[in-house]
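A short worksheet on the structure shown next.
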Amino acid sequence: MDIIKSGVYALEVWGAQGGTYLPYQGGYGGYTYAEVQLNKGDTLFVNVGEQGHNPCTVNDATCIGSYGGGGRPGQYAAGGGGGTTII
């Protein structure tokens with residue numbers, strides 16, 4: 001995203017929710033807020049974290065961590081949600 005007007009911008013990001021291991025729903029992702037000075041022509045890159053995966057077996061092809069650094073699920077545990085970043 002290219003900035004078209006210089007100024008102070010409020011940025012808010014939320015991390016992704018963790019996966020679900022019934023009967024427990026994954027916890028909400030983290031949150032942060034910042035106000036930053038941006039100048040016309042600056043470029044922001046936003047990466048949105050993926051929700052954590054539900055439990056899986058070792059041989060399951062979907063048994064991977066979520067995008068953004070979320071933890072890998074196991075047979076008896078859901079994976080963590082990935083982080084959202086602004087660069």
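Each chain in the structure tokens gets a letter, A, B and so on, in the order shown; residues start at 1 in every chain, and ligands are counted from 1 in the order they appear.
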
Which residues of range 2-22 of chain A sit at most 8 Å from range 49-54 of chain A, using only C-alpha atoms? Give each one's shortest atom pair and distance in Å (one decimal place), in chain and ascending residue order, as JSON lines.
```
{"residue": "A:Gly15", "atom": "CA", "partner": "A:Gly49", "partner_atom": "CA", "distance": 6.0}
{"residue": "A:Ala16", "atom": "CA", "partner": "A:Gln51", "partner_atom": "CA", "distance": 4.9}
{"residue": "A:Gln17", "atom": "CA", "partner": "A:Gln51", "partner_atom": "CA", "distance": 5.1}
{"residue": "A:Gly18", "atom": "CA", "partner": "A:Gly52", "partner_atom": "CA", "distance": 4.4}
{"residue": "A:Gly19", "atom": "CA", "partner": "A:Gly52", "partner_atom": "CA", "distance": 4.1}
{"residue": "A:Thr20", "atom": "CA", "partner": "A:Asn54", "partner_atom": "CA", "distance": 5.3}
{"residue": "A:Tyr21", "atom": "CA", "partner": "A:Asn54", "partner_atom": "CA", "distance": 6.2}
```

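Using only C-alpha atoms, the nearest neighbour of Gly83 in chain A within the list A:Ala34, A:Cys56, A:Leu11, A:Val48 is A:Val48.
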
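Atom pair CA of Ile64 in chain A / CA of Pro23 in chain A: separated by 21.4 Å.
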
**Request:** For Cys63 in chain A, please output as a PyMOL selection string all residues within 10 Å (counting only C-alpha atoms; exclusion window: fewer than 3 positions along the same chain).
**Result:** chain A and resi 53-60+66+72-75+78-79

Output file for the residues above (N, CA and C atoms, as a PDB file, in the first residue's frame):
```
ATOM      1  N   HIS A  53      -4.619 -24.405  12.922  1.00  0.00           N
ATOM      2  CA  HIS A  53      -5.280 -25.607  12.416  1.00  0.00           C
ATOM      3  C   HIS A  53      -5.789 -26.464  13.572  1.00  0.00           C
ATOM      4  N   ASN A  54      -6.840 -27.226  13.283  1.00  0.00           N
ATOM      5  CA  ASN A  54      -7.394 -28.146  14.267  1.00  0.00           C
ATOM      6  C   ASN A  54      -6.469 -29.356  14.404  1.00  0.00           C
ATOM      7  N   PRO A  55      -6.640 -30.166  15.465  1.00  0.00           N
ATOM      8  CA  PRO A  55      -5.772 -31.335  15.641  1.00  0.00           C
ATOM      9  C   PRO A  55      -5.749 -32.231  14.407  1.00  0.00           C
ATOM     10  N   CYS A  56      -4.657 -32.943  14.240  1.00  0.00           N
ATOM     11  CA  CYS A  56      -4.488 -33.821  13.089  1.00  0.00           C
ATOM     12  C   CYS A  56      -3.607 -34.996  13.495  1.00  0.00           C
ATOM     13  N   THR A  57      -3.534 -35.977  12.638  1.00  0.00           N
ATOM     14  CA  THR A  57      -2.661 -37.108  12.892  1.00  0.00           C
ATOM     15  C   THR A  57      -1.312 -36.862  12.218  1.00  0.00           C
ATOM     16  N   VAL A  58      -0.319 -37.578  12.620  1.00  0.00           N
ATOM     17  CA  VAL A  58       1.028 -37.402  12.080  1.00  0.00           C
ATOM     18  C   VAL A  58       1.054 -37.592  10.572  1.00  0.00           C
ATOM     19  N   ASN A  59       0.234 -38.483  10.044  1.00  0.00           N
ATOM     20  CA  ASN A  59       0.232 -38.770   8.608  1.00  0.00           C
ATOM     21  C   ASN A  59      -0.675 -37.841   7.800  1.00  0.00           C
ATOM     22  N   ASP A  60      -1.329 -36.892   8.454  1.00  0.00           N
ATOM     23  CA  ASP A  60      -2.245 -35.968   7.786  1.00  0.00           C
ATOM     24  C   ASP A  60      -1.443 -34.889   7.056  1.00  0.00           C
ATOM     25  N   SER A  66       0.336 -22.746  10.970  1.00  0.00           N
ATOM     26  CA  SER A  66      -0.391 -21.763  10.168  1.00  0.00           C
ATOM     27  C   SER A  66       0.526 -20.646   9.676  1.00  0.00           C
ATOM     28  N   ARG A  72       2.418 -25.655  15.145  1.00  0.00           N
ATOM     29  CA  ARG A  72       1.917 -26.857  14.464  1.00  0.00           C
ATOM     30  C   ARG A  72       0.980 -27.613  15.399  1.00  0.00           C
ATOM     31  N   PRO A  73      -0.173 -28.076  14.869  1.00  0.00           N
ATOM     32  CA  PRO A  73      -1.076 -28.863  15.704  1.00  0.00           C
ATOM     33  C   PRO A  73      -0.543 -30.270  15.907  1.00  0.00           C
ATOM     34  N   GLY A  74      -1.096 -30.969  16.851  1.00  0.00           N
ATOM     35  CA  GLY A  74      -0.746 -32.355  17.095  1.00  0.00           C
ATOM     36  C   GLY A  74      -2.005 -33.196  17.133  1.00  0.00           C
ATOM     37  N   GLN A  75      -1.865 -34.447  17.538  1.00  0.00           N
ATOM     38  CA  GLN A  75      -3.015 -35.346  17.583  1.00  0.00           C
ATOM     39  C   GLN A  75      -4.016 -34.915  18.653  1.00  0.00           C
ATOM     40  N   ALA A  78      -4.638 -28.349  19.197  1.00  0.00           N
ATOM     41  CA  ALA A  78      -4.769 -27.500  18.010  1.00  0.00           C
ATOM     42  C   ALA A  78      -3.555 -26.594  17.898  1.00  0.00           C
ATOM     43  N   GLY A  79      -3.316 -26.083  16.691  1.00  0.00           N
ATOM     44  CA  GLY A  79      -2.191 -25.193  16.458  1.00  0.00           C
ATOM     45  C   GLY A  79      -2.513 -23.755  16.822  1.00  0.00           C
TER      46      GLY A  79
END
```

**All strand (DSSP E or B) positions in chain A, as an MDAnalysis selection string** = chainID A and resid 2 7:14 21 24 31:38 43 46:47 85:86

Written selection (N, CA, C and O atoms) as a compact mmCIF listing (two decimals), in the first residue's frame:
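Result written to out39.txt:
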```txt
# COMPACT_ATOMS: atom_id res chain seq x y z
N ASP A 2 0.71 2.11 -0.96
CA ASP A 2 1.50 3.34 -1.03
C ASP A 2 0.77 4.47 -0.32
O ASP A 2 -0.43 4.65 -0.49
N GLY A 7 1.49 12.21 7.04
CA GLY A 7 0.76 12.46 8.27
C GLY A 7 0.98 11.37 9.29
O GLY A 7 1.76 10.43 9.07
N VAL A 8 0.30 11.49 10.42
CA VAL A 8 0.36 10.48 11.48
C VAL A 8 -0.79 9.51 11.24
O VAL A 8 -1.95 9.93 11.12
N TYR A 9 -0.47 8.24 11.16
CA TYR A 9 -1.47 7.20 10.90
C TYR A 9 -1.58 6.29 12.11
O TYR A 9 -0.58 5.93 12.74
N ALA A 10 -2.82 5.91 12.42
CA ALA A 10 -3.09 4.94 13.48
C ALA A 10 -3.14 3.55 12.83
O ALA A 10 -3.88 3.34 11.87
N LEU A 11 -2.31 2.64 13.33
CA LEU A 11 -2.26 1.27 12.81
C LEU A 11 -2.70 0.31 13.90
O LEU A 11 -2.19 0.36 15.02
N GLU A 12 -3.63 -0.58 13.58
CA GLU A 12 -4.08 -1.60 14.51
C GLU A 12 -3.95 -2.96 13.82
O GLU A 12 -4.33 -3.10 12.66
N VAL A 13 -3.43 -3.94 14.53
CA VAL A 13 -3.35 -5.29 13.99
C VAL A 13 -3.76 -6.31 15.05
O VAL A 13 -3.55 -6.11 16.25
N TRP A 14 -4.36 -7.39 14.57
CA TRP A 14 -4.76 -8.50 15.42
C TRP A 14 -4.10 -9.76 14.90
O TRP A 14 -4.05 -9.99 13.70
N TYR A 21 -9.96 -27.43 19.51
CA TYR A 21 -9.89 -28.83 19.94
C TYR A 21 -11.11 -29.05 20.81
O TYR A 21 -11.14 -28.64 21.97
N TYR A 24 -13.09 -27.20 23.24
CA TYR A 24 -12.42 -25.92 23.49
C TYR A 24 -12.18 -25.15 22.20
O TYR A 24 -11.60 -25.68 21.26
N TYR A 31 -3.29 -8.35 20.06
CA TYR A 31 -3.67 -7.05 19.48
C TYR A 31 -2.59 -6.03 19.80
O TYR A 31 -2.02 -6.05 20.89
N THR A 32 -2.34 -5.15 18.85
CA THR A 32 -1.45 -4.02 19.14
C THR A 32 -1.88 -2.81 18.33
O THR A 32 -2.55 -2.93 17.30
N TYR A 33 -1.51 -1.63 18.82
CA TYR A 33 -1.89 -0.36 18.23
C TYR A 33 -0.68 0.56 18.26
O TYR A 33 0.07 0.57 19.23
N ALA A 34 -0.50 1.31 17.20
CA ALA A 34 0.60 2.29 17.17
C ALA A 34 0.21 3.46 16.29
O ALA A 34 -0.59 3.33 15.36
N GLU A 35 0.75 4.62 16.61
CA GLU A 35 0.59 5.79 15.75
C GLU A 35 1.97 6.10 15.19
O GLU A 35 2.94 6.22 15.94
N VAL A 36 2.07 6.19 13.87
CA VAL A 36 3.37 6.39 13.22
C VAL A 36 3.28 7.49 12.18
O VAL A 36 2.24 7.71 11.56
N GLN A 37 4.39 8.20 12.03
CA GLN A 37 4.51 9.23 11.01
C GLN A 37 4.87 8.56 9.69
O GLN A 37 5.88 7.84 9.61
N LEU A 38 4.06 8.76 8.67
CA LEU A 38 4.33 8.22 7.35
C LEU A 38 4.37 9.36 6.35
O LEU A 38 3.65 10.36 6.50
N THR A 43 5.81 3.00 1.49
CA THR A 43 5.05 1.80 1.16
C THR A 43 4.93 0.92 2.40
O THR A 43 5.91 0.70 3.10
N VAL A 46 1.47 -5.49 4.40
CA VAL A 46 0.68 -6.09 5.46
C VAL A 46 0.60 -7.59 5.22
O VAL A 46 0.20 -8.04 4.15
N ASN A 47 1.00 -8.37 6.24
CA ASN A 47 0.89 -9.83 6.20
C ASN A 47 -0.10 -10.25 7.26
O ASN A 47 0.10 -9.95 8.44
N THR A 85 1.53 -8.77 10.66
CA THR A 85 2.61 -7.79 10.72
C THR A 85 2.43 -6.70 9.67
O THR A 85 1.83 -6.93 8.62
N ILE A 86 2.94 -5.53 10.00
CA ILE A 86 3.00 -4.43 9.06
C ILE A 86 4.48 -4.05 8.94
O ILE A 86 5.13 -3.78 9.94
```

**Request:** One decimal, Å: what's the distance from CA of Thr84 in chain A over to CA of Phe45 in chain A, could you say?
**Result:** 10.7 Å

Counting only C-alpha atoms, what is within 6 Å of Lys40 in chain A, bar same-chain residues fewer than 5 positions away, as a short mmCIF file (atom, residue, chain, number, x, y, z; two decimals) with all heavy atoms, in the first residue's frame?
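Saved as result28.cif:
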```cif
data_model
loop_
_atom_site.label_atom_id
_atom_site.label_comp_id
_atom_site.auth_asym_id
_atom_site.auth_seq_id
_atom_site.Cartn_x
_atom_site.Cartn_y
_atom_site.Cartn_z
N ILE A 3 1.50 5.22 0.46
CA ILE A 3 0.94 6.37 1.19
C ILE A 3 0.80 7.53 0.22
O ILE A 3 1.76 7.91 -0.46
CB ILE A 3 1.83 6.74 2.39
CG1 ILE A 3 2.01 5.54 3.32
CG2 ILE A 3 1.28 7.95 3.13
CD1 ILE A 3 0.72 4.98 3.87
N ILE A 4 -0.40 8.13 0.17
CA ILE A 4 -0.62 9.23 -0.78
C ILE A 4 -0.62 10.60 -0.10
O ILE A 4 -0.61 11.62 -0.78
CB ILE A 4 -1.93 9.02 -1.57
CG1 ILE A 4 -3.13 8.92 -0.63
CG2 ILE A 4 -1.84 7.79 -2.46
CD1 ILE A 4 -4.47 8.90 -1.34
N LYS A 5 -0.60 10.62 1.24
CA LYS A 5 -0.58 11.89 1.96
C LYS A 5 0.23 11.71 3.24
O LYS A 5 -0.01 10.79 4.02
CB LYS A 5 -2.01 12.33 2.30
CG LYS A 5 -2.08 13.68 2.98
CD LYS A 5 -3.53 14.08 3.22
CE LYS A 5 -3.55 15.42 3.95
NZ LYS A 5 -4.93 15.83 4.27
N SER A 6 1.20 12.60 3.47
CA SER A 6 2.01 12.53 4.69
C SER A 6 1.15 12.84 5.91
O SER A 6 0.20 13.63 5.84
CB SER A 6 3.17 13.54 4.62
OG SER A 6 4.06 13.20 3.59
#
```

**Message:** Would you compute the distance between CA of Tyr28 in chain A and CA of Ala61 in chain A? Give it in Å to one decimal.
**Reply:** 25.3 Å
